[in-house]
>>> print(open('start10.tsv').read())   # TSV, C-alpha atoms
chain	number	residue	atom	x	y	z
F	1	MET	CA	-13.14	2.02	-17.07
F	2	TRP	CA	-10.99	1.53	-13.98
F	3	GLN	CA	-12.16	-2.11	-13.84
F	4	LEU	CA	-10.69	-2.66	-17.30
F	5	LEU	CA	-7.41	-0.95	-16.39
F	6	ALA	CA	-7.16	-2.81	-13.10
F	7	SER	CA	-7.92	-6.16	-14.73
F	8	ALA	CA	-5.24	-5.46	-17.34
F	9	CYS	CA	-2.75	-4.74	-14.55
F	10	TRP	CA	-3.46	-8.01	-12.85
F	11	MET	CA	-3.47	-10.09	-15.99
F	12	LEU	CA	-0.02	-8.69	-16.77
F	13	LEU	CA	1.09	-9.39	-13.22
F	14	LEU	CA	-0.18	-12.95	-13.25
F	15	GLY	CA	0.52	-13.87	-16.84
F	16	PRO	CA	-1.54	-16.47	-18.71
F	17	VAL	CA	-3.24	-18.87	-16.35
F	18	TYR	CA	-4.64	-21.72	-18.37
F	19	GLY	CA	-7.65	-23.60	-17.03
F	20	TYR	CA	-8.13	-21.32	-14.02
F	21	HIS	CA	-11.87	-21.01	-14.59
F	22	LYS	CA	-12.41	-24.74	-14.95
F	23	ARG	CA	-14.91	-26.29	-12.63
F	24	GLY	CA	-13.47	-27.25	-9.29
F	25	SER	CA	-10.38	-25.05	-9.68
F	26	ILE	CA	-10.96	-23.15	-6.41
F	27	THR	CA	-9.39	-25.06	-3.54
F	28	ASN	CA	-8.69	-22.41	-0.89
F	29	PRO	CA	-11.72	-21.34	1.16
F	30	GLU	CA	-10.35	-17.79	1.56
F	31	ALA	CA	-11.08	-17.19	-2.13
F	32	ASN	CA	-14.72	-16.68	-1.18
F	33	MET	CA	-14.03	-14.58	1.93
F	34	ASN	CA	-13.79	-10.88	2.66
F	35	ILE	CA	-10.92	-9.40	4.68
F	36	SER	CA	-12.44	-9.89	8.14
F	37	GLN	CA	-13.44	-13.45	7.28
F	38	ILE	CA	-9.89	-14.30	6.18
F	39	ILE	CA	-8.47	-12.91	9.42
F	40	SER	CA	-10.99	-14.88	11.48
F	41	HIS	CA	-10.44	-18.00	9.37
F	42	TRP	CA	-6.85	-18.20	10.57
F	43	GLY	CA	-7.81	-17.75	14.22
F	44	TYR	CA	-6.89	-14.09	14.66
F	45	PRO	CA	-9.05	-11.40	16.28
F	46	TYR	CA	-10.15	-8.51	14.10
F	47	GLU	CA	-11.85	-5.15	14.29
F	48	GLU	CA	-13.36	-3.09	11.47
F	49	TYR	CA	-13.69	0.68	11.40
F	50	ASP	CA	-14.82	3.43	9.06
F	51	VAL	CA	-12.58	6.48	8.80
F	52	VAL	CA	-14.05	9.66	7.32
F	53	THR	CA	-11.65	11.99	5.51
F	54	LYS	CA	-11.91	15.78	5.50
F	55	ASP	CA	-13.26	15.65	1.95
F	56	GLY	CA	-15.95	13.13	2.84
F	57	TYR	CA	-14.60	9.73	1.75
F	58	VAL	CA	-15.34	6.77	4.02
F	59	LEU	CA	-12.36	4.43	4.27
F	60	GLY	CA	-12.64	0.89	5.58
F	61	ILE	CA	-9.73	-0.07	7.81
F	62	TYR	CA	-8.95	-3.30	9.66
F	63	ARG	CA	-7.19	-4.11	12.89
F	64	ILE	CA	-5.56	-7.29	14.22
F	65	PRO	CA	-5.05	-6.28	17.87
F	66	HIS	CA	-2.99	-9.31	18.85
F	67	GLY	CA	-1.76	-12.67	17.63
F	68	ARG	CA	-3.26	-16.13	17.86
F	69	GLY	CA	-3.47	-17.52	21.35
F	70	CYS	CA	-2.33	-14.23	22.87
F	71	ALA	CA	-4.34	-12.93	25.77
F	72	ARG	CA	-5.58	-9.38	25.34
F	73	ARG	CA	-3.17	-7.25	27.35
F	74	THR	CA	-4.06	-4.05	29.12
F	75	ALA	CA	-0.64	-2.56	28.32
F	76	PRO	CA	-0.59	-0.89	24.89
F	77	LYS	CA	1.24	-2.71	22.13
F	78	PRO	CA	3.42	-0.90	19.59
F	79	VAL	CA	1.33	-0.01	16.54
F	80	VAL	CA	2.15	-0.76	12.91
F	81	TYR	CA	0.15	0.44	9.92
F	82	LEU	CA	0.23	-1.33	6.54
F	83	GLN	CA	-0.67	0.47	3.29
F	84	HIS	CA	-1.25	-1.39	0.03
F	85	GLY	CA	-0.28	-0.48	-3.53
F	86	LEU	CA	-2.08	0.39	-6.77
F	87	VAL	CA	-5.41	-1.36	-7.54
F	88	ALA	CA	-4.92	-3.40	-4.38
F	89	SER	CA	-6.31	-3.53	-0.84
F	90	ALA	CA	-5.57	-4.50	2.74
F	91	SER	CA	-6.01	-8.13	1.69
F	92	ASN	CA	-2.45	-8.03	0.28
F	93	TRP	CA	-1.06	-8.36	3.79
F	94	ILE	CA	-3.08	-11.50	4.67
F	95	CYS	CA	-3.47	-13.42	1.40
F	96	ASN	CA	-0.67	-15.90	2.08
F	97	LEU	CA	-0.59	-18.45	4.87
F	98	PRO	CA	-0.08	-16.99	8.38
F	99	ASN	CA	3.63	-17.85	8.43
F	100	ASN	CA	4.09	-15.92	5.16
F	101	SER	CA	1.72	-12.96	5.61
F	102	LEU	CA	3.22	-9.82	7.14
F	103	ALA	CA	0.10	-8.78	9.07
F	104	PHE	CA	-0.16	-12.14	10.83
F	105	LEU	CA	3.57	-12.32	11.53
F	106	LEU	CA	3.50	-8.85	13.10
F	107	ALA	CA	0.49	-9.71	15.23
F	108	ASP	CA	2.21	-12.87	16.48
F	109	SER	CA	5.33	-10.80	17.23
F	110	GLY	CA	3.41	-8.60	19.65
F	111	TYR	CA	2.29	-5.70	17.46
F	112	ASP	CA	-1.07	-3.98	17.15
F	113	VAL	CA	-1.60	-4.27	13.39
F	114	TRP	CA	-3.74	-1.91	11.31
F	115	MET	CA	-4.39	-2.21	7.57
F	116	GLY	CA	-5.70	0.65	5.44
F	117	ASN	CA	-7.62	0.92	2.18
F	118	SER	CA	-7.23	3.80	-0.24
F	119	ARG	CA	-10.31	5.65	-1.47
F	120	GLY	CA	-12.12	4.00	-4.34
F	121	ASN	CA	-11.07	0.43	-3.70
F	122	THR	CA	-13.48	-2.37	-2.80
F	123	TRP	CA	-13.46	-1.56	0.92
F	124	SER	CA	-13.48	2.25	0.62
F	125	ARG	CA	-16.22	3.00	-1.87
F	126	LYS	CA	-18.44	5.32	0.17
F	127	HIS	CA	-18.75	9.08	0.48
F	128	LEU	CA	-20.82	11.34	2.72
F	129	THR	CA	-22.21	13.21	-0.29
F	130	PHE	CA	-21.26	11.59	-3.60
F	131	SER	CA	-22.36	8.26	-5.00
F	132	PRO	CA	-19.73	5.97	-6.53
F	133	LYS	CA	-21.84	6.27	-9.69
F	134	SER	CA	-21.07	9.99	-9.90
F	135	PRO	CA	-17.97	11.45	-11.61
F	136	GLU	CA	-17.35	13.64	-8.55
F	137	PHE	CA	-16.62	10.56	-6.47
F	138	TRP	CA	-13.82	9.48	-8.81
F	139	ALA	CA	-12.11	12.88	-9.09
F	140	PHE	CA	-9.01	11.88	-7.12
F	141	SER	CA	-5.50	10.57	-7.52
F	142	LEU	CA	-2.34	10.17	-5.43
F	143	ASP	CA	-2.58	13.77	-4.27
F	144	GLU	CA	-5.82	13.26	-2.36
F	145	MET	CA	-4.73	9.92	-0.93
F	146	ALA	CA	-1.68	11.65	0.55
F	147	LYS	CA	-3.45	14.85	1.60
F	148	TYR	CA	-6.58	13.31	3.09
F	149	ASP	CA	-6.51	9.51	3.39
F	150	LEU	CA	-3.24	9.03	5.27
F	151	PRO	CA	-3.75	11.85	7.81
F	152	ALA	CA	-7.33	10.75	8.54
F	153	THR	CA	-6.34	7.10	8.96
F	154	ILE	CA	-3.18	7.69	11.00
F	155	ASN	CA	-4.89	10.23	13.27
F	156	PHE	CA	-7.77	7.79	13.81
F	157	ILE	CA	-5.34	5.04	14.83
F	158	VAL	CA	-3.50	7.38	17.18
F	159	GLU	CA	-6.75	8.39	18.85
F	160	LYS	CA	-8.03	4.82	19.09
F	161	THR	CA	-4.84	3.28	20.47
F	162	GLY	CA	-3.53	6.13	22.56
F	163	GLN	CA	-0.17	5.63	20.86
F	164	GLU	CA	1.28	8.94	19.67
F	165	ARG	CA	3.61	7.33	17.12
F	166	LEU	CA	3.50	4.25	14.92
F	167	TYR	CA	5.43	2.26	12.32
F	168	TYR	CA	4.41	2.62	8.68
F	169	VAL	CA	4.84	-0.11	6.07
F	170	GLY	CA	3.99	0.70	2.47
F	171	HIS	CA	4.20	-1.24	-0.77
F	172	SER	CA	4.45	0.45	-4.18
F	173	GLN	CA	1.77	3.19	-4.28
F	174	GLY	CA	1.62	2.84	-0.49
F	175	THR	CA	5.15	4.25	-0.48
F	176	THR	CA	4.34	6.94	-3.05
F	177	ILE	CA	1.58	8.54	-1.00
F	178	ALA	CA	3.77	8.27	2.10
F	179	PHE	CA	6.64	10.12	0.45
F	180	ILE	CA	4.17	12.84	-0.56
F	181	ALA	CA	2.45	13.02	2.83
F	182	PHE	CA	5.55	12.87	5.01
F	183	SER	CA	7.42	15.48	2.94
F	184	THR	CA	4.53	17.97	2.82
F	185	ASN	CA	2.92	17.40	6.23
F	186	PRO	CA	5.60	17.69	8.97
F	187	GLU	CA	3.07	17.18	11.78
F	188	LEU	CA	1.98	13.87	10.27
F	189	ALA	CA	5.60	12.86	9.73
F	190	LYS	CA	6.26	13.29	13.46
F	191	ARG	CA	3.82	10.45	14.14
F	192	ILE	CA	5.95	7.93	12.22
F	193	LYS	CA	8.71	6.05	14.06
F	194	ILE	CA	10.06	4.28	10.96
F	195	PHE	CA	8.83	4.25	7.36
F	196	PHE	CA	9.37	0.82	5.77
F	197	ALA	CA	9.27	1.20	1.98
F	198	LEU	CA	8.77	-2.03	0.01
F	199	ALA	CA	9.29	-1.61	-3.75
F	200	PRO	CA	9.22	2.19	-3.46
F	201	VAL	CA	7.79	4.15	-6.37
F	202	VAL	CA	8.45	7.88	-6.62
F	203	THR	CA	9.48	8.45	-10.22
F	204	VAL	CA	8.81	5.98	-13.02
F	205	LYS	CA	11.25	7.49	-15.48
F	206	TYR	CA	12.54	4.10	-16.56
F	207	THR	CA	9.11	2.53	-16.93
F	208	LYS	CA	8.15	2.92	-20.59
F	209	SER	CA	4.48	2.19	-19.90
F	210	PRO	CA	2.75	1.38	-16.61
F	211	MET	CA	0.90	-1.46	-18.31
F	212	LYS	CA	3.80	-2.90	-20.29
F	213	LYS	CA	6.11	-2.78	-17.32
F	214	LEU	CA	4.01	-4.83	-14.90
F	215	THR	CA	5.99	-8.00	-14.37
F	216	ILE	CA	4.86	-11.61	-14.39
F	217	LEU	CA	4.27	-13.31	-11.06
F	218	SER	CA	6.52	-16.29	-10.48
F	219	ARG	CA	4.80	-19.63	-11.10
F	220	LYS	CA	6.13	-21.01	-7.82
F	221	VAL	CA	4.01	-18.52	-5.90
F	222	ILE	CA	0.69	-19.11	-7.69
F	223	LYS	CA	0.51	-22.93	-7.61
F	224	SER	CA	-1.70	-23.15	-4.47
F	225	ARG	CA	-2.80	-19.52	-3.78
F	226	LEU	CA	-3.95	-18.18	-7.18
F	227	ASP	CA	-7.65	-18.37	-6.36
F	228	VAL	CA	-7.15	-16.21	-3.26
F	229	TYR	CA	-5.08	-13.63	-5.16
F	230	LEU	CA	-7.61	-13.27	-7.97
F	231	ALA	CA	-10.57	-13.17	-5.60
F	232	GLN	CA	-9.07	-10.26	-3.64
F	233	SER	CA	-7.58	-8.22	-6.51
F	234	PRO	CA	-7.88	-5.97	-8.40
F	235	ALA	CA	-9.65	-3.86	-5.81
F	236	GLY	CA	-9.96	-0.77	-7.99
F	237	THR	CA	-9.02	2.88	-8.22
F	238	SER	CA	-10.02	5.93	-10.27
F	239	VAL	CA	-9.24	6.64	-13.91
F	240	GLN	CA	-7.75	9.93	-12.70
F	241	ASN	CA	-5.31	8.02	-10.51
F	242	MET	CA	-4.28	5.84	-13.47
F	243	LEU	CA	-3.81	9.02	-15.53
F	244	HIS	CA	-1.60	10.39	-12.75
F	245	TRP	CA	0.62	7.34	-13.13
F	246	VAL	CA	0.69	7.77	-16.91
F	247	GLN	CA	1.67	11.41	-16.36
F	248	ALA	CA	4.52	10.29	-14.08
F	249	ALA	CA	5.74	7.78	-16.66
F	250	ASN	CA	5.69	10.38	-19.41
F	251	SER	CA	7.34	13.17	-17.42
F	252	GLY	CA	9.74	11.22	-15.22
F	253	LEU	CA	8.85	13.66	-12.43
F	254	PHE	CA	7.48	13.28	-8.91
F	255	GLN	CA	4.71	15.78	-9.34
F	256	ALA	CA	1.09	16.55	-8.43
F	257	PHE	CA	-1.69	15.71	-10.88
F	258	ASP	CA	-1.84	17.96	-13.94
F	259	TRP	CA	-5.48	19.05	-14.32
F	260	GLY	CA	-4.93	19.73	-18.01
F	261	ASN	CA	-4.94	23.52	-18.24
F	262	PRO	CA	-3.36	26.45	-16.38
F	263	ASP	CA	-6.69	27.70	-14.99
F	264	GLN	CA	-7.50	24.37	-13.38
F	265	ASN	CA	-3.98	24.05	-12.02
F	266	MET	CA	-4.17	27.57	-10.62
F	267	MET	CA	-7.44	26.71	-8.89
F	268	HIS	CA	-5.98	23.59	-7.28
F	269	PHE	CA	-2.36	24.63	-6.66
F	270	HIS	CA	-2.27	28.44	-6.96
F	271	GLN	CA	0.26	28.07	-9.75
F	272	LEU	CA	0.08	27.35	-13.48
F	273	THR	CA	1.82	23.97	-13.37
F	274	PRO	CA	1.55	21.12	-10.85
F	275	PRO	CA	4.04	21.42	-7.99
F	276	LEU	CA	6.93	19.00	-7.67
F	277	TYR	CA	7.17	16.87	-4.54
F	278	ASN	CA	10.50	17.15	-2.74
F	279	VAL	CA	11.49	13.91	-1.01
F	280	THR	CA	14.47	15.58	0.67
F	281	LYS	CA	12.05	17.45	2.93
F	282	MET	CA	10.96	14.18	4.55
F	283	GLU	CA	12.72	13.60	7.87
F	284	VAL	CA	11.28	10.22	8.80
F	285	PRO	CA	13.78	7.35	9.40
F	286	THR	CA	13.31	5.13	6.36
F	287	ALA	CA	14.18	1.53	5.49
F	288	VAL	CA	13.99	0.43	1.85
F	289	TRP	CA	13.77	-2.92	0.08
F	290	SER	CA	13.87	-3.12	-3.73
F	291	GLY	CA	13.83	-5.91	-6.31
F	292	GLY	CA	16.32	-6.56	-9.08
F	293	GLN	CA	13.56	-7.93	-11.33
F	294	ASP	CA	11.02	-5.24	-10.46
F	295	LEU	CA	9.81	-3.59	-13.67
F	296	VAL	CA	7.46	-1.20	-11.85
F	297	SER	CA	9.81	0.06	-9.15
F	298	ASP	CA	12.71	0.04	-11.58
F	299	PRO	CA	16.17	-0.34	-10.00
F	300	LYS	CA	17.35	2.84	-11.77
F	301	ASP	CA	14.48	4.86	-10.31
F	302	VAL	CA	15.24	3.44	-6.85
F	303	GLU	CA	18.92	4.27	-7.30
F	304	ASN	CA	17.93	7.88	-7.99
F	305	LEU	CA	15.60	7.95	-4.98
F	306	LEU	CA	17.99	6.68	-2.30
F	307	PRO	CA	20.28	9.79	-2.09
F	308	LYS	CA	17.17	11.94	-1.59
F	309	ILE	CA	16.11	10.08	1.55
F	310	THR	CA	17.72	12.18	4.28
F	311	LYS	CA	17.35	9.54	7.02
F	312	LEU	CA	17.95	6.26	5.20
F	313	ILE	CA	18.63	3.73	7.95
F	314	TYR	CA	18.57	0.51	5.92
F	315	TYR	CA	18.62	-0.61	2.31
F	316	LYS	CA	18.49	-4.04	0.72
F	317	LEU	CA	18.33	-5.02	-2.93
F	318	ILE	CA	16.84	-8.48	-3.49
F	319	PRO	CA	18.13	-9.50	-6.94
F	320	HIS	CA	15.45	-12.09	-7.76
F	321	TYR	CA	12.41	-10.10	-6.57
F	322	ASN	CA	9.68	-8.72	-8.82
F	323	HIS	CA	7.02	-6.17	-7.86
F	324	VAL	CA	4.60	-8.45	-6.02
F	325	ASP	CA	7.14	-10.72	-4.33
F	326	PHE	CA	7.30	-8.21	-1.47
F	327	TYR	CA	3.98	-9.49	-0.14
F	328	LEU	CA	3.38	-12.71	-2.12
F	329	GLY	CA	6.89	-14.16	-2.14
F	330	GLN	CA	7.26	-17.42	-0.26
F	331	ASP	CA	10.67	-16.30	1.01
F	332	ALA	CA	9.53	-12.79	2.03
F	333	PRO	CA	9.83	-13.61	5.76
F	334	GLN	CA	13.51	-14.44	5.30
F	335	GLU	CA	14.29	-11.73	2.74
F	336	ILE	CA	12.31	-8.87	4.34
F	337	TYR	CA	10.07	-9.44	7.34
F	338	GLN	CA	12.71	-10.72	9.78
F	339	ASP	CA	14.86	-7.61	9.32
F	340	LEU	CA	11.80	-5.36	9.32
F	341	ILE	CA	10.71	-6.69	12.72
F	342	ARG	CA	14.29	-6.54	13.98
F	343	LEU	CA	14.47	-2.83	13.11
F	344	MET	CA	11.21	-2.27	14.99
F	345	GLU	CA	12.53	-4.11	18.03
F	346	GLU	CA	15.75	-2.08	18.00
F	347	CYS	CA	13.72	1.10	17.83
F	348	LEU	CA	11.67	0.02	20.86
F	349	GLN	CA	14.82	-0.60	22.88
F	350	ASN	CA	16.23	2.86	22.22
>>> encode(input="start10.tsv", output="structure tokens")
Amino acid sequence: MWQLLASACWMLLLGPVYGYHKRGSITNPEANMNISQIISHWGYPYEEYDVVTKDGYVLGIYRIPHGRGCARRTAPKPVVYLQHGLVASASNWICNLPNNSLAFLLADSGYDVWMGNSRGNTWSRKHLTFSPKSPEFWAFSLDEMAKYDLPATINFIVEKTGQERLYYVGHSQGTTIAFIAFSTNPELAKRIKIFFALAPVVTVKYTKSPMKKLTILSRKVIKSRLDVYLAQSPAGTSVQNMLHWVQAANSGLFQAFDWGNPDQNMMHFHQLTPPLYNVTKMEVPTAVWSGGQDLVSDPKDVENLLPKITKLIYYKLIPHYNHVDFYLGQDAPQEIYQDLIRLMEECLQN
């Protein structure tokens, strides 16, 4: 079922694409590559790791330790972690050309780049006990991604690099689970130097339906890269996670998953109703970018979020941006990435 939901999301994002499946339509070799192959294709080094969460999920994560033509240094580089959005994967950060993909730009700017994958997507579909064919495997939503996936991944990176703190970049759902994790887990929050929130999604009060509100990708973007985008997405998630988003749209609240009856909620939360997440408890310095044409991260929802961010250090509204322009937009380096890297550099100098 999640395949159907995910495909619907992406068809709404991309809009009608006539003749895409015609013979000879694939022109970019990356359309037939996995994440590590795409990284290698552009001449960058890569490393792959499996991270095991406390509840047994095996997450595939990727590392670009340095840029093209850069000698491997013995001195540790500052670390940045990139977290994708709903029904997406780490491929989001590398699916444009190197001069337009955030992961490659960061690597060339001297950063140790790590890219995560949420449980249940193409690159994180293993468990120590459960088979992906079992319903137990798919019994998760945003709550578990925030409670288990982020701490396991960030702690793994800290241990592997020897760096006690890192930069966090999230897009869409990648911001949602960060707001949950960093507001409920103070020890994890201490490991984050700056949280960069691209198209942040906390409440979706002004989104009538998650499906209806997914915007259409600009035609300018898809002319030469469509085959790569479709080959890498949708990467999948659970039906329970999609239901969590429907719950958020219906309630307008930033709240844990409602298990459907008071007994189940009591078992999971020790209270009859799902707890609310309180963004004001997050003390991580945060920079936010939002889009004026974003129908998922609605400008009204973002406007309501901003006063709740206690350490908001930067905010920019990009009037012409929709939900996927933050990683697919051809002008993203000028609109976002240059300032993002500048904020990192300023942090390093302090």
>>> closest_atom_pairs(input="start10.tsv", of="segment 95-210 of chain F", to="segment 288-301 of chain F", cutoff="9 Å", atoms="all atoms listed in the file", output="CSV")
residue,atom,partner,partner_atom,distance
F:Ser172,CA,F:Ser297,CA,7.3
F:Phe195,CA,F:Val288,CA,8.5
F:Phe196,CA,F:Val288,CA,6.1
F:Ala197,CA,F:Val288,CA,4.8
F:Leu198,CA,F:Trp289,CA,5.1
F:Ala199,CA,F:Ser290,CA,4.8
F:Pro200,CA,F:Ser297,CA,6.1
F:Val201,CA,F:Ser297,CA,5.3
F:Val202,CA,F:Asp301,CA,7.7
F:Thr203,CA,F:Asp301,CA,6.2
F:Val204,CA,F:Asp301,CA,6.4
F:Lys205,CA,F:Asp301,CA,6.6
F:Tyr206,CA,F:Asp298,CA,6.4
F:Thr207,CA,F:Val296,CA,6.5
F:Pro210,CA,F:Val296,CA,7.2
>>> write_last_selection(input="start10.tsv", atoms="C-alpha atoms", output="PDB file, in the coordinates of the input")
ATOM      1  CA  SER F 172       4.450   0.450  -4.180  1.00  0.00           C
ATOM      2  CA  PHE F 195       8.830   4.250   7.360  1.00  0.00           C
ATOM      3  CA  PHE F 196       9.370   0.820   5.770  1.00  0.00           C
ATOM      4  CA  ALA F 197       9.270   1.200   1.980  1.00  0.00           C
ATOM      5  CA  LEU F 198       8.770  -2.030   0.010  1.00  0.00           C
ATOM      6  CA  ALA F 199       9.290  -1.610  -3.750  1.00  0.00           C
ATOM      7  CA  PRO F 200       9.220   2.190  -3.460  1.00  0.00           C
ATOM      8  CA  VAL F 201       7.790   4.150  -6.370  1.00  0.00           C
ATOM      9  CA  VAL F 202       8.450   7.880  -6.620  1.00  0.00           C
ATOM     10  CA  THR F 203       9.480   8.450 -10.220  1.00  0.00           C
ATOM     11  CA  VAL F 204       8.810   5.980 -13.020  1.00  0.00           C
ATOM     12  CA  LYS F 205      11.250   7.490 -15.480  1.00  0.00           C
ATOM     13  CA  TYR F 206      12.540   4.100 -16.560  1.00  0.00           C
ATOM     14  CA  THR F 207       9.110   2.530 -16.930  1.00  0.00           C
ATOM     15  CA  PRO F 210       2.750   1.380 -16.610  1.00  0.00           C
TER      16      PRO F 210
END
>>> residues_around(input="start10.tsv", residues="Gln334 of chain F", least_positions_apart="5", cutoff="12 Å", atoms="all atoms listed in the file", output="list of chain:residue names")
F:Asn99, F:Asn100, F:Ser101, F:Leu102, F:Leu105, F:Ile318, F:Phe326, F:Gly329, F:Asp339, F:Leu340, F:Ile341, F:Arg342
>>> residues_around(input="start10.tsv", residues="Gln83 of chain F", least_positions_apart="2", cutoff="6 Å", atoms="all atoms listed in the file", output="PDB file with C-alpha atoms, in the coordinates of the input")
ATOM      1  CA  GLY F 116      -5.700   0.650   5.440  1.00  0.00           C
ATOM      2  CA  GLY F 170       3.990   0.700   2.470  1.00  0.00           C
ATOM      3  CA  GLY F 174       1.620   2.840  -0.490  1.00  0.00           C
TER       4      GLY F 174
END
>>> atom_distance(input="start10.tsv", atom1="atom CA of Phe254 of chain F", atom2="atom CA of Tyr321 of chain F")
24.0 Å
>>> closest_residue(input="start10.tsv", among="F:Pro307, F:Gly43, F:Gly69, F:Pro98", to="Thr286 of chain F", atoms="all atoms listed in the file")
F:Pro307
>>> residues_around(input="start10.tsv", residues="segment 75-78 of chain F", least_positions_apart="6", cutoff="7 Å", atoms="all atoms listed in the file", output="JSON, numbers by chain")
{"F": [110, 111, 112, 166]}
>>> write_last_selection(input="start10.tsv", atoms="C-alpha atoms", output="tab-separated table (two decimals), keeping the file's coordinate frame")
chain	number	residue	atom	x	y	z
F	110	GLY	CA	3.41	-8.60	19.65
F	111	TYR	CA	2.29	-5.70	17.46
F	112	ASP	CA	-1.07	-3.98	17.15
F	166	LEU	CA	3.50	4.25	14.92
>>> atom_distance(input="start10.tsv", atom1="atom CA of Ala287 of chain F", atom2="atom CA of Asn121 of chain F")
26.9 Å
>>> residues_around(input="start10.tsv", residues="segment 176-180 of chain F", least_positions_apart="3", cutoff="8 Å", atoms="only C-alpha atoms", output="PDB file with C-alpha atoms, keeping the file's coordinate frame")
ATOM      1  CA  LEU F 142      -2.340  10.170  -5.430  1.00  0.00           C
ATOM      2  CA  ASP F 143      -2.580  13.770  -4.270  1.00  0.00           C
ATOM      3  CA  MET F 145      -4.730   9.920  -0.930  1.00  0.00           C
ATOM      4  CA  ALA F 146      -1.680  11.650   0.550  1.00  0.00           C
ATOM      5  CA  LEU F 150      -3.240   9.030   5.270  1.00  0.00           C
ATOM      6  CA  GLY F 170       3.990   0.700   2.470  1.00  0.00           C
ATOM      7  CA  SER F 172       4.450   0.450  -4.180  1.00  0.00           C
ATOM      8  CA  GLN F 173       1.770   3.190  -4.280  1.00  0.00           C
ATOM      9  CA  SER F 183       7.420  15.480   2.940  1.00  0.00           C
ATOM     10  CA  THR F 184       4.530  17.970   2.820  1.00  0.00           C
ATOM     11  CA  PRO F 200       9.220   2.190  -3.460  1.00  0.00           C
ATOM     12  CA  VAL F 201       7.790   4.150  -6.370  1.00  0.00           C
ATOM     13  CA  VAL F 202       8.450   7.880  -6.620  1.00  0.00           C
ATOM     14  CA  TYR F 277       7.170  16.870  -4.540  1.00  0.00           C
ATOM     15  CA  ASN F 278      10.500  17.150  -2.740  1.00  0.00           C
ATOM     16  CA  VAL F 279      11.490  13.910  -1.010  1.00  0.00           C
ATOM     17  CA  MET F 282      10.960  14.180   4.550  1.00  0.00           C
TER      18      MET F 282
END
>>> closest_residue(input="start10.tsv", among="F:Leu128, F:Ile35, F:Leu243, F:Ile309", to="Lys281 of chain F", atoms="all atoms listed in the file")
F:Ile309
>>> residues_around(input="start10.tsv", residues="Leu106 of chain F", least_positions_apart="6", cutoff="10 Å", atoms="only C-alpha atoms", output="JSON, numbers by chain")
{"F": [64, 66, 67, 79, 80, 112, 113, 337, 338, 340, 341]}
>>> write_last_selection(input="start10.tsv", atoms="C-alpha atoms", output="compact mmCIF listing (two decimals), keeping the file's coordinate frame")
# COMPACT_ATOMS: atom_id res chain seq x y z
CA ILE F 64 -5.56 -7.29 14.22
CA HIS F 66 -2.99 -9.31 18.85
CA GLY F 67 -1.76 -12.67 17.63
CA VAL F 79 1.33 -0.01 16.54
CA VAL F 80 2.15 -0.76 12.91
CA ASP F 112 -1.07 -3.98 17.15
CA VAL F 113 -1.60 -4.27 13.39
CA TYR F 337 10.07 -9.44 7.34
CA GLN F 338 12.71 -10.72 9.78
CA LEU F 340 11.80 -5.36 9.32
CA ILE F 341 10.71 -6.69 12.72
>>> atom_distance(input="start10.tsv", atom1="atom CA of Ala181 of chain F", atom2="atom CA of Glu164 of chain F")
17.4 Å
>>> decode(input="start10.tsv", residues="segment 50-60 of chain F", atoms="N, CA and C atoms", output="PDB file, in the first residue's frame")
ATOM      1  N   ASP F  50      26.107   0.465   7.879  1.00  0.00           N
ATOM      2  CA  ASP F  50      24.822   0.070   8.448  1.00  0.00           C
ATOM      3  C   ASP F  50      24.772   0.527   9.895  1.00  0.00           C
ATOM      4  N   VAL F  51      23.703   1.208  10.251  1.00  0.00           N
ATOM      5  CA  VAL F  51      23.489   1.654  11.626  1.00  0.00           C
ATOM      6  C   VAL F  51      22.309   0.875  12.192  1.00  0.00           C
ATOM      7  N   VAL F  52      22.491   0.271  13.349  1.00  0.00           N
ATOM      8  CA  VAL F  52      21.424  -0.513  13.971  1.00  0.00           C
ATOM      9  C   VAL F  52      20.801   0.308  15.097  1.00  0.00           C
ATOM     10  N   THR F  53      19.491   0.478  15.030  1.00  0.00           N
ATOM     11  CA  THR F  53      18.775   1.247  16.057  1.00  0.00           C
ATOM     12  C   THR F  53      18.481   0.370  17.278  1.00  0.00           C
ATOM     13  N   LYS F  54      18.096   1.006  18.366  1.00  0.00           N
ATOM     14  CA  LYS F  54      17.795   0.257  19.592  1.00  0.00           C
ATOM     15  C   LYS F  54      16.631  -0.708  19.417  1.00  0.00           C
ATOM     16  N   ASP F  55      15.724  -0.396  18.469  1.00  0.00           N
ATOM     17  CA  ASP F  55      14.600  -1.307  18.242  1.00  0.00           C
ATOM     18  C   ASP F  55      14.825  -2.209  17.031  1.00  0.00           C
ATOM     19  N   GLY F  56      16.089  -2.337  16.611  1.00  0.00           N
ATOM     20  CA  GLY F  56      16.458  -3.380  15.663  1.00  0.00           C
ATOM     21  C   GLY F  56      16.434  -3.066  14.187  1.00  0.00           C
ATOM     22  N   TYR F  57      16.136  -1.833  13.792  1.00  0.00           N
ATOM     23  CA  TYR F  57      16.149  -1.487  12.368  1.00  0.00           C
ATOM     24  C   TYR F  57      17.581  -1.232  11.903  1.00  0.00           C
ATOM     25  N   VAL F  58      17.862  -1.643  10.673  1.00  0.00           N
ATOM     26  CA  VAL F  58      19.191  -1.466  10.096  1.00  0.00           C
ATOM     27  C   VAL F  58      19.097  -0.373   9.037  1.00  0.00           C
ATOM     28  N   LEU F  59      19.746   0.745   9.311  1.00  0.00           N
ATOM     29  CA  LEU F  59      19.674   1.913   8.440  1.00  0.00           C
ATOM     30  C   LEU F  59      20.930   2.027   7.589  1.00  0.00           C
ATOM     31  N   GLY F  60      20.749   2.210   6.300  1.00  0.00           N
ATOM     32  CA  GLY F  60      21.894   2.424   5.420  1.00  0.00           C
ATOM     33  C   GLY F  60      22.252   3.893   5.370  1.00  0.00           C
TER      34      GLY F  60
END
